[in-house]
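**Student:** Dropping in start_15.txt, with compact mmCIF, C-alpha atoms (C1' of nucleotides).
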# COMPACT_ATOMS: atom_id res chain seq x y z
CA MET S 5 116.79 128.43 125.66
CA GLY S 6 116.02 126.42 122.59
CA VAL S 7 119.62 127.03 121.66
CA THR S 8 121.90 124.07 121.27
CA LYS S 9 125.06 124.77 123.24
CA THR S 10 127.29 123.90 120.32
CA GLN S 11 130.35 125.68 121.62
CA ASN S 12 130.50 123.46 124.67
CA PHE S 13 130.93 120.27 122.71
CA LYS S 14 133.82 118.81 120.79
CA GLU S 15 134.14 119.61 117.13
CA GLU S 16 133.67 116.01 116.10
CA GLN S 17 130.50 115.71 118.14
CA ASN S 18 129.11 118.77 116.45
CA LYS S 19 130.09 117.43 113.06
CA VAL S 20 128.24 114.18 113.64
CA ALA S 21 125.24 116.15 114.90
CA VAL S 22 125.19 118.47 111.88
CA TYR S 23 125.46 115.63 109.40
CA ALA S 24 122.85 113.62 111.24
CA ARG S 25 120.52 116.58 111.40
CA VAL S 26 120.52 117.06 107.65
CA ILE S 27 119.38 113.50 107.06
CA ALA S 28 117.00 113.59 110.00
CA HIS S 29 113.98 114.27 107.83
CA PRO S 30 112.28 111.73 105.55
CA ALA S 31 111.97 114.26 102.74
CA ARG S 32 115.70 114.83 102.69
CA VAL S 33 116.36 111.11 102.87
CA ALA S 34 113.97 110.67 99.95
CA ILE S 35 115.77 113.36 97.97
CA LEU S 36 119.14 111.72 98.56
CA GLN S 37 117.81 108.28 97.68
CA TYR S 38 116.25 109.62 94.52
CA LEU S 39 119.46 111.31 93.47
CA LEU S 40 121.36 108.12 94.20
CA LYS S 41 118.96 106.02 92.19
CA GLN S 42 119.20 108.25 89.16
CA LYS S 43 122.60 107.53 87.75
CA THR S 44 122.39 110.78 85.91
CA CYS S 45 121.56 114.27 87.01
CA ILE S 46 117.91 114.98 87.31
CA CYS S 47 116.50 118.35 86.55
CA GLY S 48 114.10 119.26 89.27
CA ASP S 49 111.33 116.72 88.97
CA LEU S 50 111.76 116.24 92.68
CA VAL S 51 108.64 118.27 93.34
CA ASP S 52 106.57 115.68 91.45
CA VAL S 53 108.15 112.83 93.37
CA LEU S 54 107.80 114.24 96.86
CA PRO S 55 104.52 114.73 98.73
CA LEU S 56 105.36 118.32 99.50
CA ALA S 57 104.79 121.75 98.01
CA GLN S 58 107.39 123.31 95.75
CA ALA S 59 108.44 125.85 98.36
CA THR S 60 109.00 123.12 100.92
CA VAL S 61 111.04 120.97 98.58
CA SER S 62 113.15 123.98 97.72
CA GLN S 63 113.77 124.56 101.39
CA HIS S 64 114.94 120.98 101.95
CA LEU S 65 117.21 121.23 98.93
CA LYS S 66 118.66 124.39 100.41
CA GLU S 67 119.57 122.58 103.62
CA LEU S 68 121.21 119.73 101.77
CA LYS S 69 123.12 122.28 99.73
CA ALA S 70 124.14 124.21 102.84
CA VAL S 71 125.84 121.11 104.23
CA GLY S 72 127.35 120.44 100.82
CA LEU S 73 125.76 117.05 100.23
CA ILE S 74 124.21 118.13 96.95
CA LYS S 75 124.92 120.74 94.33
CA GLY S 76 122.68 122.29 91.76
CA THR S 77 123.59 123.72 88.42
CA VAL S 78 121.26 125.88 86.42
CA GLU S 79 120.17 124.24 83.20
CA GLY S 80 117.89 126.54 81.30
CA THR S 81 114.82 127.26 83.33
CA SER S 82 115.33 124.28 85.57
CA VAL S 83 118.08 123.29 87.96
CA CYS S 84 120.06 120.08 87.79
CA TYR S 85 120.78 118.48 91.14
CA CYS S 86 123.21 115.79 92.04
CA ILE S 87 125.06 114.45 95.04
CA ASP S 88 128.52 115.72 95.78
CA LYS S 89 130.53 112.52 95.75
CA HIS S 90 133.31 113.91 97.91
CA LYS S 91 131.00 115.20 100.62
CA TRP S 92 128.88 112.08 100.48
CA GLU S 93 131.92 109.99 101.29
CA GLU S 94 133.01 112.35 104.02
CA VAL S 95 129.62 112.14 105.71
CA ARG S 96 129.65 108.38 105.25
CA ASP S 97 133.05 108.16 106.92
CA VAL S 98 131.92 110.26 109.86
CA PHE S 99 129.10 107.82 110.52
CA PHE S 100 131.28 104.82 109.85
CA ASN S 101 133.76 106.16 112.33
CA LEU S 102 131.12 106.57 115.01
CA PHE S 103 129.66 103.13 114.48
CA ALA S 104 133.06 101.50 114.19
CA ASN S 105 133.13 101.53 117.97
CA PRO S 106 132.16 98.14 119.31
CA VAL S 107 129.67 97.83 122.14
CA GLU S 108 131.38 95.89 124.84
CA CYS S 109 129.71 96.11 128.18
CA GLN S 110 130.28 93.12 130.39
CA ASP S 111 128.23 94.15 133.39
CA LYS S 112 125.28 92.19 134.59
CA CYS S 113 122.94 95.09 133.94
CA CYS S 114 123.35 94.88 130.16
CA MET T 26 102.65 123.84 110.36
CA GLY T 27 105.87 122.45 111.77
CA VAL T 28 104.53 118.93 111.37
CA THR T 29 106.67 116.47 109.50
CA LYS T 30 104.45 114.61 107.04
CA THR T 31 105.74 111.25 108.16
CA GLN T 32 102.85 109.25 106.76
CA ASN T 33 103.62 110.35 103.23
CA PHE T 34 107.08 108.84 103.18
CA LYS T 35 108.33 105.29 102.95
CA GLU T 36 108.94 103.39 106.14
CA GLU T 37 112.63 103.08 105.50
CA GLN T 38 112.97 106.81 104.93
CA ASN T 39 111.25 107.48 108.22
CA LYS T 40 113.47 104.99 109.96
CA VAL T 41 116.62 106.67 108.71
CA ALA T 42 115.19 110.03 109.72
CA VAL T 43 114.29 108.86 113.23
CA TYR T 44 117.68 107.30 113.83
CA ALA T 45 119.46 110.31 112.42
CA ARG T 46 117.39 112.64 114.52
CA VAL T 47 118.38 110.98 117.75
CA ILE T 48 122.07 111.46 117.05
CA ALA T 49 121.51 114.94 115.63
CA HIS T 50 122.53 116.64 118.84
CA PRO T 51 126.09 116.94 120.15
CA ALA T 52 125.00 116.09 123.68
CA ARG T 53 123.51 112.79 122.57
CA VAL T 54 126.57 112.05 120.47
CA ALA T 55 128.69 112.78 123.53
CA ILE T 56 126.58 110.47 125.65
CA LEU T 57 126.91 107.64 123.15
CA GLN T 58 130.65 108.17 122.81
CA TYR T 59 131.06 108.19 126.55
CA LEU T 60 129.10 104.98 126.93
CA LEU T 61 131.14 103.41 124.16
CA LYS T 62 134.41 104.46 125.75
CA GLN T 63 133.47 103.00 129.09
CA LYS T 64 133.77 99.30 128.61
CA THR T 65 131.62 98.87 131.64
CA CYS T 66 128.34 100.36 132.66
CA ILE T 67 128.55 103.78 134.13
CA CYS T 68 126.22 104.92 136.80
CA GLY T 69 125.03 108.35 136.00
CA ASP T 70 128.16 110.46 136.14
CA LEU T 71 127.09 111.77 132.78
CA VAL T 72 125.88 114.98 134.37
CA ASP T 73 129.43 115.73 135.50
CA VAL T 74 130.82 115.04 132.06
CA LEU T 75 128.36 117.07 130.02
CA PRO T 76 128.09 120.86 130.01
CA LEU T 77 124.39 120.72 130.71
CA ALA T 78 122.08 120.76 133.68
CA GLN T 79 120.83 117.55 135.21
CA ALA T 80 117.33 118.01 133.86
CA THR T 81 118.63 118.50 130.34
CA VAL T 82 120.88 115.45 130.46
CA SER T 83 117.96 113.43 131.71
CA GLN T 84 115.90 114.59 128.77
CA HIS T 85 118.55 113.57 126.26
CA LEU T 86 118.86 110.19 127.93
CA LYS T 87 115.11 109.83 127.62
CA GLU T 88 115.26 110.36 123.88
CA LEU T 89 118.06 107.86 123.43
CA LYS T 90 116.05 105.41 125.51
CA ALA T 91 112.90 106.06 123.49
CA VAL T 92 114.67 104.98 120.32
CA GLY T 93 116.14 102.04 122.18
CA LEU T 94 119.79 102.92 121.70
CA ILE T 95 120.47 102.86 125.43
CA LYS T 96 118.95 101.21 128.43
CA GLY T 97 119.11 102.11 132.06
CA THR T 98 118.87 99.86 135.06
CA VAL T 99 118.31 101.18 138.53
CA GLU T 100 121.26 100.52 140.80
CA GLY T 101 120.53 101.80 144.24
CA THR T 102 119.92 105.53 144.11
CA SER T 103 121.60 105.90 140.76
CA VAL T 104 120.87 104.50 137.34
CA CYS T 105 123.28 102.47 135.26
CA TYR T 106 123.24 103.24 131.56
CA CYS T 107 124.65 101.32 128.68
CA ILE T 108 124.23 100.98 124.96
CA ASP T 109 121.90 98.34 123.63
CA LYS T 110 124.22 96.32 121.44
CA HIS T 111 121.44 94.95 119.27
CA LYS T 112 119.90 98.33 118.55
CA TRP T 113 123.28 99.93 118.06
CA GLU T 114 124.03 97.46 115.31
CA GLU T 115 120.61 97.90 113.75
CA VAL T 116 121.06 101.66 113.59
CA ARG T 117 124.57 101.17 112.24
CA ASP T 118 123.23 98.91 109.51
CA VAL T 119 120.55 101.39 108.53
CA PHE T 120 123.20 104.04 107.97
CA PHE T 121 125.55 101.57 106.29
CA ASN T 122 122.76 100.60 103.96
CA LEU T 123 122.08 104.20 103.00
CA PHE T 124 125.71 105.01 102.40
CA ALA T 125 126.37 101.75 100.61
CA ASN T 126 124.87 103.41 97.56
CA PRO T 127 127.63 104.63 95.28
CA VAL T 128 127.46 108.11 93.80
CA GLU T 129 127.71 107.70 90.10
CA CYS T 130 126.67 110.71 88.15
CA GLN T 131 128.35 110.99 84.79
CA ASP T 132 126.83 114.23 83.61
CA LYS T 133 128.86 117.29 82.84
CA CYS T 134 127.12 119.24 85.57
CA CYS T 135 128.69 117.19 88.36
C1' DA F 11 111.50 108.24 161.22
C1' DA F 12 114.44 111.93 159.41
C1' DC F 13 117.70 113.05 156.16
C1' DA F 14 120.57 112.75 152.01
C1' DT F 15 121.35 111.41 147.26
C1' DT F 16 120.09 110.62 142.64
C1' DA F 17 117.35 110.88 138.61
C1' DA F 18 112.78 111.67 136.43
C1' DT F 19 109.24 114.85 135.59
C1' DC F 20 106.84 119.41 135.37
C1' DG F 21 106.36 123.97 133.76
C1' DC F 22 108.00 127.48 131.25
C1' DA F 23 110.66 130.40 127.81
C1' DA F 24 113.36 130.93 123.72
C1' DT F 25 114.60 129.14 119.46
C1' DT F 26 114.39 126.20 115.57
C1' DT F 27 112.01 123.39 112.29
C1' DT F 28 108.47 122.32 109.03
C1' DA F 29 105.14 123.65 105.74
C1' DC F 30 102.93 126.35 102.32
C1' DG F 31 100.75 130.31 99.71
C1' DA F 32 102.33 134.24 97.44
C1' DT F 33 105.74 136.66 95.25
C1' DT F 34 109.97 137.29 92.84
C1' DA F 35 113.71 136.24 89.59
C1' DA F 36 115.63 134.07 85.69
C1' DG F 37 115.54 131.91 81.39
C1' DC F 38 113.15 130.40 77.24
C1' DA F 39 109.51 130.79 73.49
C1' DA F 40 106.18 133.09 70.69
C1' DT R 27 108.21 142.64 74.32
C1' DT R 28 104.91 139.53 76.24
C1' DG R 29 103.95 135.35 78.15
C1' DC R 30 105.26 130.84 80.11
C1' DT R 31 107.94 127.75 83.01
C1' DT R 32 110.80 126.75 86.84
C1' DA R 33 112.90 127.46 91.17
C1' DA R 34 114.26 130.58 94.98
C1' DT R 35 112.77 133.58 98.46
C1' DC R 36 109.48 135.96 101.65
C1' DG R 37 106.21 135.97 105.20
C1' DT R 38 103.64 133.59 108.31
C1' DA R 39 101.73 129.91 111.29
C1' DA R 40 102.05 125.76 113.87
C1' DA R 41 104.70 122.52 116.10
C1' DA R 42 108.92 120.57 117.90
C1' DT R 43 113.33 121.11 120.21
C1' DT R 44 116.46 122.72 123.69
C1' DG R 45 117.47 124.17 128.25
C1' DC R 46 116.88 124.76 133.06
C1' DG R 47 114.94 125.75 137.78
C1' DA R 48 111.87 123.60 140.80
C1' DT R 49 109.62 119.73 142.29
C1' DT R 50 108.80 114.94 142.89
C1' DA R 51 109.86 110.00 143.50
C1' DA R 52 112.73 106.38 144.83
C1' DT R 53 116.31 104.50 147.35
C1' DG R 54 119.83 104.30 150.80
C1' DT R 55 121.80 106.00 155.32
C1' DT R 56 121.82 107.35 160.08
Starting from the coordinates I provided, produce the structure as structure tokens.

**Tutor:**
Amino acid sequence: MGVTKTQNFKEEQNKVAVYARVIAHPARVAILQYLLKQKTCICGDLVDVLPLAQATVSQHLKELKAVGLIKGTVEGTSVCYCIDKHKWEEVRDVFFNLFANPVECQDKCC
Amino acid sequence: MGVTKTQNFKEEQNKVAVYARVIAHPARVAILQYLLKQKTCICGDLVDVLPLAQATVSQHLKELKAVGLIKGTVEGTSVCYCIDKHKWEEVRDVFFNLFANPVECQDKCC
DNA sequence: AACATTAATCGCAATTTTACGATTAAGCAA
DNA sequence: TTGCTTAATCGTAAAATTGCGATTAATGTT
């Protein structure tokens, strides 16, 4: 139990789920928004911005990295993070594609 | 812990997270896609379509209902589900708004 | 009333997620 | 080298999620 039966669903459904999952936490949304706001790379002042401990922030960054939404390059003692433009647009398109479907139910119950 | 520190984040960040969370499972994505595909209301044949037990499907439906993305009306012994058009568009807009941000990092590290 | 059908809920187990202190690793500075 | 700074990783605890069998509730059928 507690295991999502991934293999029983279509690849696209799993893709949506994986991408949704990674932004399904306010801290990760905050990280993405912060990186978007900064037009330039920022070098790890995320810990100061977020209301979380350093270890926790690092863990969230790891998840965003795992999906490929952000990348980090070592810059001296600190690490410079930024959004991967290509992946960002891919994730965007996956959501756009899902929500492109119009809701058209004509029954009396809706 | 295991507790998301919701109160420490901005309302919009939590909103994105909540909406993302509800579609962060392939079964719920499948449910939404199925309801979108059916132009009319369907009356609970979701259990036949999904590779999950009735109790599990019911639980996923409950979560989608809790967020307001779907509604169910009792129709005899079965229940007729459909997507809430208004909420669907609100959720869509929340994602559109997030991904409307362009990625513009000019640093050498990106 | 007795029975059948359908979906929600309960109770439980396994797994995953979130969070953080402590430690480690890597690079820079004196 | 020694010390400092920064970020990743480890270990652990608490909570949430996923899944399902069993039960319950509601409605329709005979």

**Student:** In Å to one decimal, how far is CA of Tyr59 (chain T) from CA of Pro106 (chain S)?

**Tutor:** 12.4 Å

**Student:** At a cut-off of 12 Å, which residues of chain T touch chain R? Count all atoms listed in the file and give the answer as a PyMOL selection string.

**Tutor:** chain T and resi 26-29+46-47+49-52+76-85+88+99-104

**Student:** Using all atoms listed in the file, find each residue of chain T with at least one atom at most 6 Å away from an atom of chain S; report its shortest atom-to-atom pair and that distance in Å (one decimal), sort the rows by chain and rising residue number, and return the result as CSV.

**Tutor:**
residue,atom,partner,partner_atom,distance
T:Gln38,CA,S:Pro30,CA,5.0
T:Asn39,CA,S:Pro30,CA,5.1
T:Ala42,CA,S:Ala28,CA,4.0
T:Ala45,CA,S:Ala28,CA,4.8
T:Arg46,CA,S:Ala28,CA,4.6
T:Ala49,CA,S:Ala21,CA,4.0
T:His50,CA,S:Ala21,CA,4.8
T:Pro51,CA,S:Gln17,CA,5.0
T:Val54,CA,S:Gln17,CA,5.9
T:Lys64,CA,S:Cys109,CA,5.2
T:Thr65,CA,S:Cys109,CA,4.8
T:Lys110,CA,S:Val107,CA,5.7
T:Arg117,CA,S:Phe103,CA,5.9
T:Phe124,CA,S:Arg96,CA,5.9
T:Val128,CA,S:Lys89,CA,5.7
T:Glu129,CA,S:Lys43,CA,5.6
T:Cys130,CA,S:Thr44,CA,4.8

**Student:** State the Cα RMSD (Å, one decimal) obtained when chain S is least-squares superposed onto chain T, all Cα atoms paired in order.

**Tutor:**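 Overlaying the two chains on their C-alpha atoms yields 0.1 Å.
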
**Student:** Using only C-alpha atoms (C1' of nucleotides), select each residue of chain F with any atom at most 8 Å away from an atom of chain S, and give the selection as a short mmCIF file (atom, residue, chain, number, x, y, z; two decimals) with C-alpha atoms (C1' of nucleotides), keeping the file's coordinate frame.

**Tutor:**
data_model
loop_
_atom_site.label_atom_id
_atom_site.label_comp_id
_atom_site.auth_asym_id
_atom_site.auth_seq_id
_atom_site.Cartn_x
_atom_site.Cartn_y
_atom_site.Cartn_z
"C1'" DA F 23 110.66 130.40 127.81
"C1'" DA F 24 113.36 130.93 123.72
"C1'" DT F 25 114.60 129.14 119.46
"C1'" DT F 26 114.39 126.20 115.57
"C1'" DA F 29 105.14 123.65 105.74
"C1'" DC F 30 102.93 126.35 102.32
"C1'" DA F 36 115.63 134.07 85.69
"C1'" DG F 37 115.54 131.91 81.39
"C1'" DC F 38 113.15 130.40 77.24
#

**Student:** In Å, rounded to a single decimal, give me how far C1' of DA18 (chain F) is from CA of Lys87 (chain T).

**Tutor:**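 These atoms are spaced 9.3 Å apart.
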
**Student:** Box in all listed atoms of region 44-50 of chain R, axis-aligned, with 8 Å more on each side; write out centre and edge lengths in Å to one decimal as AutoDock Vina command-line options.

**Tutor:**
--center_x 113.1 --center_y 120.3 --center_z 133.3 --size_x 24.7 --size_y 26.8 --size_z 35.2
